[in-house]
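Undergrad: Before I ask anything, here is the structure I am working with.
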Amino acid sequence: MSPLLRYIFLAIIVAALAFGLTHILLHPAHDTEVDEMVWMKNEFKLTTAQSSTIEQLHDDYHPVCMEHCRLIMQARKTLTTAADHASAQAELTRLEAVCHDATQAHLKRVAAAMSPDQGERFLKLVGPKVSGQSHDAPLGLK
Amino acid sequence: MKDPRDPLSSTLKLWQHEPAPAPDFRNQVWNRIHASVDRSSASIFHFPGALPLAASLAVLFSIAAGSGTAFALNQSLTTDRMAAAYVRTIDPVQMTALESHIHP
């Protein structure tokens with residue numbers, strides 16, 4: 001085997017070992033999650049003022065979120081007992097779309113409290129993880 | 001002074017030596033060739049003494065590349081997981097989908 005081939009072979013083995021070891025040793029355990037607000041502060045390099053603004057936004061949104069939760073759970077309960085299943089399903093879908101839009105609007109307000117580039121990155125990262133559909137989309141199509 | 005009657009010169013000119021071939025010479029040559037090929041293919045990690053610097057650099061570069069890639073991957077996975085966890089705290093649809101969710 002030529003020296004060049006030996007180097008390539010050795011480099012691949014060492015790189016694979018380094019990758020595996022680093023991945024295993026630095027992989028955070030799922031039960032050691034940090035607080036979401038702490039994560040946001042570090043991830044999006046929030047200043048103290050930005051953190052305070054976002055925490056206030058979360059506090060303001062919390063009752064809205066809880067009300068949406070209540071309505072959705074009520075609609076799901078109705079769906080299981082409703083005689084008119086189609087209209088109950090339509091109501092649930094409508095509520096989910098309302099929640100989706102409210103959540104997306106909240107995310108935009110949070111992003112606006114960040115610096116422009118971090119806000120854009122925040123929306124790109126978090127926005128697609130919101131479930132449901134928008135009022136802009138036809139009902140039933142996700 | 002050289003004596004023209006000295007027979008040494010003419011004797012040397014006439015002398016010829018024909019050594020007998022070594023017994024099993026051909027097989028011994030091939031055996032040595034085969035042994036050399038086997039040794040080189042078995043020693044993957046054997047490097048010529050003149051190239052330790054290149055080998056060291058290759059190892060260091062590989063460690064850096066492997067560790068760097070794993071670190072970037074871990075960061076990406078952690079960011080993605082935390083983003084999903086954050087959304088679960090503000091998305092009523094996901095919150096109500098959790099069986100453990102008990103609405104106040």
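For the structure tokens, the naming scheme is as follows: chains receive sequential letters (A, B, ...) according to their order of presentation, residues are indexed from 1 within each chain, and ligands are indexed from 1 in presentation order.
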At a cut-off of 6 Å, which residues of chain B touch chain A? Count only C-alpha atoms and give the answer as a list in words.
TA: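 Here they are: Ser41, Ala58, Val59, Ser62, Ile63, Gly66, Ser67, Ala70, Ala83, Tyr86 and Pro92 of chain B.
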Undergrad: Just the alpha helix (DSSP H) stuff from chain A, please, per backbone DSSP, written as a PyMOL selection string.
TA: chain A and resi 3-26+36-43+48-81+85-112+116-126
Undergrad: For Met82 of chain B, which residue out of A:Ala105, A:Ala88, A:Leu57, A:Val38 is the nearest one, using only C-alpha atoms?
TA: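 Using only C-alpha atoms, the shortest distance to Met82 of chain B belongs to A:Val38.
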Undergrad: Could you check how far atom CA of Ala82 of chain A sits from atom CA of Asp91 of chain B, in Å to one decimal?
TA: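 Value for the atom CA of Ala82 of chain A-atom CA of Asp91 of chain B distance: 25.4 Å.
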Undergrad: Using Å and a single decimal, report how far atom CA of Glu91 of chain A sits from atom CA of Arg88 of chain B.
TA: 22.3 Å
Undergrad: Which distance in Å separates atom CA of Ala84 of chain B and atom CA of Glu120 of chain A, to one decimal?
TA: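 Spanning atom CA of Ala84 of chain B to atom CA of Glu120 of chain A is a straight-line distance of 16.8 Å.
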Undergrad: Compare B:Thr79, B:Leu60, B:Ala55, B:Met95 by their minimum atom-to-atom distance to Arg121 of chain A, counting only C-alpha atoms, and give me the closest one.
TA: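 Among B:Thr79, B:Leu60, B:Ala55, B:Met95, it is B:Thr79 that comes nearest to Arg121 of chain A.
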